[in-house]
Amino acid sequence: MDAIVSKSISSINLSIYRYDPDSGKKPYMQDLSIDIPEGQDIMVLDLLNIAKEQDPSISFRRSCGEGVCGSDGMNINGKNGLGCITPLSEALKGNKIVLRPLPGLPVIKDLIVDMKQFVDQYKKIKPYLINDEEKPEKEIKQSVEEREKLDGLYECIMCGCCSTACPSFWWNPDKFLGPAALLQAHRFISDSRDTATEERLDQLEDAFSVFKCHGIMNCVSVCPKGLNPTKAINEIKKKLVKRAL
Amino acid sequence: MAMNGKGEELDASKLKVLEYDGIVVGGGGSGLMSSLQLAQSGFKTAVVSKVFPTRSHTVSAQGGITCAIQSADPDDDWRWHMYDTVKGSDFIGDQDSIEYMCQEGPKAVFELEHMGLPFSRTEEGKIYQRAFGGQSKDYGKGGQAERTCAAADRTGHALLHTLYQANLKAGTNFLSEWFAVDLVKNGDNQVVGVIAFEIETGEPYFLKSKATVLATGGAGRIYQTTSNAMINTGDGTGMVLRAGFPVQDMEMWQFHPTGIYGHGTLVTEGCRGEGGYLVNKDGERFMERYAPNYKDLASRDVVARSMMLEILEGRGCGPDADHVYLKLDHLGPEIVHKRLPGITELSKTFAHVDPVEHPIPVVPTCHYAMGGIPTNVHGQVLTQATDGTDNVVHGLYAAGEAACVSVHGGNRLGGNSLLDLIVFGRSAGLHIENALKEGITLSKASNDDIDQALVNLNRVNISSTGEDVANVKSELQKNMQLNFGVFRTGDLMEKGLVELENIREKTQNIHLTDKSSRFNTARVEALELLNLIEVAQATAVCANERKESRGAHARDDFQERDDDNWLKHSIYFADSKEVTKRDVNFRPKTVQAFQPIVRSY
Ligand SMILES: Cc1cc2nc3c(=O)[nH]c(=O)nc-3n(C[C@H](O)[C@H](O)[C@H](O)COP(=O)(O)OP(=O)(O)OC[C@H]3O[C@@H](n4cnc5c(N)ncnc54)[C@H](O)[C@@H]3O)c2cc1C
Ligand code: SF4
Ligand code: SF4
Ligand code: FES
């Protein structure tokens, strides 16, 4: 268990974005000095919880505490990530840490952003299996190889880290679907049980939905689940191009 | 009018009203299964969830969903699954419910597959099933079974996302990030909806409905060390107790054997199903001593207690000898990466070890509430009359971990919760659908009834001095951990009960310092604390009352199971804080009942 013990920092300078539109005040950065248990490498979310004990009005989302629910996407020292699985030792610059809401989405309060645009884009890709065939009494068969095609796609936790790191999504959040939604589009296109591949591709054919992705790969570098939206997007592009030929 | 810092009291006239055929409080697996059933049949349905539905705790379930779908073994039989579940429950699971679950299960699992759930597959393209604890063939005589259907070690994630997607397709309304505060009950003891507020705006509502389903999940946060999410605060249980209805078997808490040491995060039993095993500081595979037949795949209560005994007897690992090791390194990277990718991630993040190379340090962690809101197989909530008979509470249903139908009795088998969610989530939905088709009318609530449901919210909103929420919560959690943990004894519990009375008083006097309207998480946490104390006290009183050891409830002062007095459910009401008994169902419809035998693994 020795690995848990790392740096012996005991006081952290936390700078956190504060904004409550109801207050009439402009957004500002609040600076707090937080004492953390010596010798322990806690997560950014733990730090926030301690900060909230000092100032209960600090607002952020959290639930699972283990990187599976997707609640606590935030911008940590300039990089999007999940608070609950980002260790301080990785995030700290000196003994300073700056926390901001995910960029590009409207802020509801402090670190809490309005995910509506993000979820609306997800809904657009018809994120459910479409299969009009008569259902067997038992499972629809799928080979191990066919199932493997879903690996790296279905695991998305909808944290929003990728889309809010994507310049194309910032500029066209209503027209460009963004990496998260496109990853899911590819998840259903790739599913041997889905019978709507052509309709799905039809829907993606316009100049924006997919083609506004310029392969900058920000999405890949921030995804806390190690997924690769760029690759999925390229696969979709390839399929569209092949179809057009 | 949004709630604000001016300390104004809310009353019925200040609430907005929304009306539905069915309201489901909870967007986890059980809630989404109920709402899907209702929305598909065209009824106006709303899911109220304090978090965006896919953030619900079902997303964390790892290992799988247990069900005799005859994939790994074409001869598998739901009756064997039923036998295991009855035995696992230490014989206080209701056999009519267990029968229903095991028999209906396969249909529900295939339905999920048809919805798109990305199950792992066998070479023949069927759903992959793995071994889990307490599973046998041929009524315990045919050795270990492989009955848990899995999507790698991310089954809950796959299940929850699939159900959310199916609900989008069906057009369910989502009141996402809304907090339900209390039930509205009329003079005839009928439930007519809930008081809730939209967290983003702080706007309070009366959500009026012909049927209300509580699918609010677990309450592991009454303990200090738990595998449960921070939102698992037993809100539905709190609401029911405050409305004057009872809860059942609340002393029955499952401590999962393999929580990551120092953090509580779970690593699935599937690890042992894939061939992993536990060792003490001498490297001894100690489960061979405690459970010679099933070893590391004995039932969870048995494994957790064995681990604690190893630690108490000085054979624990680490400098403080306070944990044991889960070994996976002998399985090789192929199996670990293919079948347990999520575990590899969690282990690296929270234990700083790669399970391919090093064993994972683990201790038992509070995991699952077998007890909860008593219901029948249709999800209808039950209350107990003074003469001991069961009465249905009109308008109120419960499903999932919040409910106690009771398929888990004194101890839940791995993979049986996800099955419980979908089978009984659906059966509640079906029952409401039929009732609506027959034409139930909306019961009336007077303004007084509504005001009654606003009492707690008002108390928190107008508080001007008093206790700090975080402090009181931490006191509560410490007390439960210390006095009502894996091993229990009368003296400690008596002490714990006194302590809890003090803590309750403090909860009645908490001070919400931040009274702003917009996304006020402090208000949410204050209200959650009021639910935690209800659950904690119910747990404590029932644990002290049940003077025997059964399932997860292990007492040093009463080490034997006492079938003469305690082959019973415990029933607890909050106003009297008294425990009564309720008969266990031994009347399955299509098979002979399984009679209590000595439980060995
Ligand atoms: C780490 C872990 C692994 C597990 N693995 C397995 C497994 O492999 N197999 C298995 O069978 N079981 C497993 N379990 C158990 C199982 O996951 C849970 O019992 C189950 O998911 C609970 O589902 P639910 O629908 O009852 O509630 P949840 O999924 O917890 O959902 C509760 C819902 O209620 C809502 N809610 C609660 N209170 C309020 C309120 N006041 N107002 C509005 N909304 C509210 C929440 O927002 C949420 O949507 C595991 C549990 C854990 C902790
Ligand atoms: S690769 Fe495409 S989707 Fe990803 S960040 Fe760049 S532009 Fe956005
Ligand atoms: S792809 Fe990764 S970063 Fe994007 S939403 Fe999904 S999990 Fe989050
Ligand atoms: S709290 Fe769930 S992902 Fe961080």
# chains A, B, ... in the order shown; residues from 1 in each chain; ligands from 1

$ closest_atom_pairs --of "chain A" --to "ligand 2" --cutoff "10 Å" --atoms "only C-alpha atoms and all ligand atoms" --output "tab-separated table"
residue	atom	partner	partner_atom_place_in_ligand_line	distance
A:Cys162	CA	ligand 2	5 (S)	6.6
A:Ser163	CA	ligand 2	8 (Fe)	6.6
A:Thr164	CA	ligand 2	5 (S)	8.4
A:Ala165	CA	ligand 2	5 (S)	6.1
A:Cys166	CA	ligand 2	5 (S)	3.8
A:Pro167	CA	ligand 2	8 (Fe)	6.1
A:Ser168	CA	ligand 2	7 (S)	5.3
A:Phe169	CA	ligand 2	8 (Fe)	6.4
A:Trp170	CA	ligand 2	8 (Fe)	9.1
A:Phe176	CA	ligand 2	3 (S)	8.9
A:Leu177	CA	ligand 2	3 (S)	8.6
A:Gly178	CA	ligand 2	3 (S)	5.5
A:Pro179	CA	ligand 2	3 (S)	4.2
A:Ala180	CA	ligand 2	3 (S)	8.0
A:Ala181	CA	ligand 2	3 (S)	9.6
A:Leu182	CA	ligand 2	3 (S)	8.2
A:Leu183	CA	ligand 2	3 (S)	9.3
A:Val210	CA	ligand 2	3 (S)	8.4
A:Phe211	CA	ligand 2	2 (Fe)	8.7
A:Lys212	CA	ligand 2	7 (S)	6.8
A:Cys213	CA	ligand 2	2 (Fe)	3.8
A:His214	CA	ligand 2	7 (S)	4.5
A:Gly215	CA	ligand 2	1 (S)	3.6
A:Ile216	CA	ligand 2	6 (Fe)	3.5
A:Met217	CA	ligand 2	1 (S)	3.7
A:Asn218	CA	ligand 2	5 (S)	4.1
A:Cys219	CA	ligand 2	5 (S)	4.2
A:Val220	CA	ligand 2	4 (Fe)	6.5
A:Ser221	CA	ligand 2	5 (S)	8.7
A:Val222	CA	ligand 2	5 (S)	9.2
A:Asn228	CA	ligand 2	4 (Fe)	8.5
A:Pro229	CA	ligand 2	4 (Fe)	6.3
A:Thr230	CA	ligand 2	1 (S)	4.7
A:Lys231	CA	ligand 2	1 (S)	8.3
A:Ala232	CA	ligand 2	3 (S)	9.5
A:Ile233	CA	ligand 2	2 (Fe)	7.3
A:Asn234	CA	ligand 2	2 (Fe)	9.0

$ residues_near_ligand --ligand "ligand 4" --cutoff "9 Å" --atoms "only C-alpha atoms and all ligand atoms" --output "ChimeraX atom specification"
/A:45,61-73,82-85,157,159 /B:55,229-230

$ select_by_dssp --residues "segment 127-182 of chain A" --states "alpha helix (DSSP H)" --output "ChimeraX atom specification"
/A:144-148,167-171,178-182

$ residues_near_ligand --ligand "ligand 1" --cutoff "6 Å" --atoms "only C-alpha atoms and all ligand atoms" --output "NGL selection string"
:B and (25-31 or 48-51 or 53 or 56-58 or 60-65 or 178-181 or 215-218 or 227-228 or 235 or 266 or 367 or 400-402 or 414-418 or 421)

$ interface_residues --of "chain B" --to "chain A" --cutoff "6 Å" --atoms "only C-alpha atoms" --output "number ranges by chain"
B: 55, 110, 116, 121, 125-126, 165, 229-231, 514

$ closest_residue --among "A:Leu153, A:Leu99, A:Ile236, A:Ala91" --to "ligand 3" --atoms "only C-alpha atoms and all ligand atoms"
A:Leu153

$ closest_residue --among "A:Leu201, A:Leu88, A:Ile125, A:Val119" --to "ligand 3" --atoms "only C-alpha atoms and all ligand atoms"
A:Val119

$ closest_residue --among "A:Met29, A:Gln184, A:Cys223, A:Ser89" --to "ligand 3" --atoms "only C-alpha atoms and all ligand atoms"
A:Cys223

$ atom_distance --atom1 "atom CA of Glu8 of chain B" --atom2 "atom CA of Ile462 of chain B"
6.7 Å

$ decode --residues "segment 48-64 of chain B" --atoms "N, CA, C and O atoms" --output "PDB file, in the first residue's frame"
ATOM      1  N   VAL B  48     -38.860  11.303 -11.933  1.00  0.00           N
ATOM      2  CA  VAL B  48     -38.248  12.364 -11.130  1.00  0.00           C
ATOM      3  C   VAL B  48     -36.928  11.821 -10.617  1.00  0.00           C
ATOM      4  O   VAL B  48     -36.907  10.771  -9.983  1.00  0.00           O
ATOM      5  N   SER B  49     -35.828  12.496 -10.907  1.00  0.00           N
ATOM      6  CA  SER B  49     -34.549  11.971 -10.428  1.00  0.00           C
ATOM      7  C   SER B  49     -33.656  13.106  -9.973  1.00  0.00           C
ATOM      8  O   SER B  49     -33.535  14.122 -10.652  1.00  0.00           O
ATOM      9  N   LYS B  50     -33.028  12.917  -8.818  1.00  0.00           N
ATOM     10  CA  LYS B  50     -32.205  14.017  -8.306  1.00  0.00           C
ATOM     11  C   LYS B  50     -30.903  14.151  -9.082  1.00  0.00           C
ATOM     12  O   LYS B  50     -30.208  15.151  -8.946  1.00  0.00           O
ATOM     13  N   VAL B  51     -30.562  13.132  -9.863  1.00  0.00           N
ATOM     14  CA  VAL B  51     -29.429  13.267 -10.787  1.00  0.00           C
ATOM     15  C   VAL B  51     -29.901  12.883 -12.193  1.00  0.00           C
ATOM     16  O   VAL B  51     -30.910  12.194 -12.344  1.00  0.00           O
ATOM     17  N   PHE B  52     -29.180  13.327 -13.206  1.00  0.00           N
ATOM     18  CA  PHE B  52     -29.456  12.894 -14.569  1.00  0.00           C
ATOM     19  C   PHE B  52     -29.479  11.356 -14.556  1.00  0.00           C
ATOM     20  O   PHE B  52     -28.598  10.733 -13.951  1.00  0.00           O
ATOM     21  N   PRO B  53     -30.511  10.733 -15.165  1.00  0.00           N
ATOM     22  CA  PRO B  53     -30.728   9.298 -14.946  1.00  0.00           C
ATOM     23  C   PRO B  53     -29.487   8.394 -15.064  1.00  0.00           C
ATOM     24  O   PRO B  53     -29.315   7.493 -14.239  1.00  0.00           O
ATOM     25  N   THR B  54     -28.636   8.641 -16.046  1.00  0.00           N
ATOM     26  CA  THR B  54     -27.489   7.728 -16.192  1.00  0.00           C
ATOM     27  C   THR B  54     -26.424   7.933 -15.106  1.00  0.00           C
ATOM     28  O   THR B  54     -25.424   7.234 -15.087  1.00  0.00           O
ATOM     29  N   ARG B  55     -26.649   8.909 -14.215  1.00  0.00           N
ATOM     30  CA  ARG B  55     -25.719   9.086 -13.082  1.00  0.00           C
ATOM     31  C   ARG B  55     -26.196   8.270 -11.872  1.00  0.00           C
ATOM     32  O   ARG B  55     -25.581   8.323 -10.816  1.00  0.00           O
ATOM     33  N   SER B  56     -27.332   7.597 -12.001  1.00  0.00           N
ATOM     34  CA  SER B  56     -27.863   6.811 -10.880  1.00  0.00           C
ATOM     35  C   SER B  56     -26.924   5.674 -10.543  1.00  0.00           C
ATOM     36  O   SER B  56     -26.114   5.248 -11.365  1.00  0.00           O
ATOM     37  N   HIS B  57     -27.095   5.158  -9.346  1.00  0.00           N
ATOM     38  CA  HIS B  57     -26.086   4.224  -8.880  1.00  0.00           C
ATOM     39  C   HIS B  57     -26.075   2.880  -9.608  1.00  0.00           C
ATOM     40  O   HIS B  57     -25.076   2.162  -9.566  1.00  0.00           O
ATOM     41  N   THR B  58     -27.158   2.547 -10.261  1.00  0.00           N
ATOM     42  CA  THR B  58     -27.154   1.308 -11.045  1.00  0.00           C
ATOM     43  C   THR B  58     -25.959   1.274 -12.001  1.00  0.00           C
ATOM     44  O   THR B  58     -25.443   0.201 -12.323  1.00  0.00           O
ATOM     45  N   VAL B  59     -25.518   2.446 -12.409  1.00  0.00           N
ATOM     46  CA  VAL B  59     -24.399   2.519 -13.360  1.00  0.00           C
ATOM     47  C   VAL B  59     -23.131   1.853 -12.822  1.00  0.00           C
ATOM     48  O   VAL B  59     -22.283   1.411 -13.579  1.00  0.00           O
ATOM     49  N   SER B  60     -23.017   1.761 -11.494  1.00  0.00           N
ATOM     50  CA  SER B  60     -21.804   1.189 -10.891  1.00  0.00           C
ATOM     51  C   SER B  60     -21.798  -0.328 -10.837  1.00  0.00           C
ATOM     52  O   SER B  60     -20.763  -0.920 -10.552  1.00  0.00           O
ATOM     53  N   ALA B  61     -22.956  -0.958 -11.023  1.00  0.00           N
ATOM     54  CA  ALA B  61     -22.998  -2.417 -10.896  1.00  0.00           C
ATOM     55  C   ALA B  61     -22.035  -3.023 -11.899  1.00  0.00           C
ATOM     56  O   ALA B  61     -21.967  -2.606 -13.046  1.00  0.00           O
ATOM     57  N   GLN B  62     -21.285  -3.981 -11.438  1.00  0.00           N
ATOM     58  CA  GLN B  62     -20.186  -4.479 -12.254  1.00  0.00           C
ATOM     59  C   GLN B  62     -20.468  -5.864 -12.804  1.00  0.00           C
ATOM     60  O   GLN B  62     -20.572  -6.097 -14.000  1.00  0.00           O
ATOM     61  N   GLY B  63     -20.593  -6.813 -11.867  1.00  0.00           N
ATOM     62  CA  GLY B  63     -20.484  -8.218 -12.210  1.00  0.00           C
ATOM     63  C   GLY B  63     -21.539  -8.780 -13.132  1.00  0.00           C
ATOM     64  O   GLY B  63     -21.239  -9.548 -14.040  1.00  0.00           O
ATOM     65  N   GLY B  64     -22.800  -8.431 -12.910  1.00  0.00           N
ATOM     66  CA  GLY B  64     -23.796  -8.960 -13.815  1.00  0.00           C
ATOM     67  C   GLY B  64     -25.156  -9.185 -13.199  1.00  0.00           C
ATOM     68  O   GLY B  64     -25.433  -8.778 -12.075  1.00  0.00           O
TER      69      GLY B  64
END
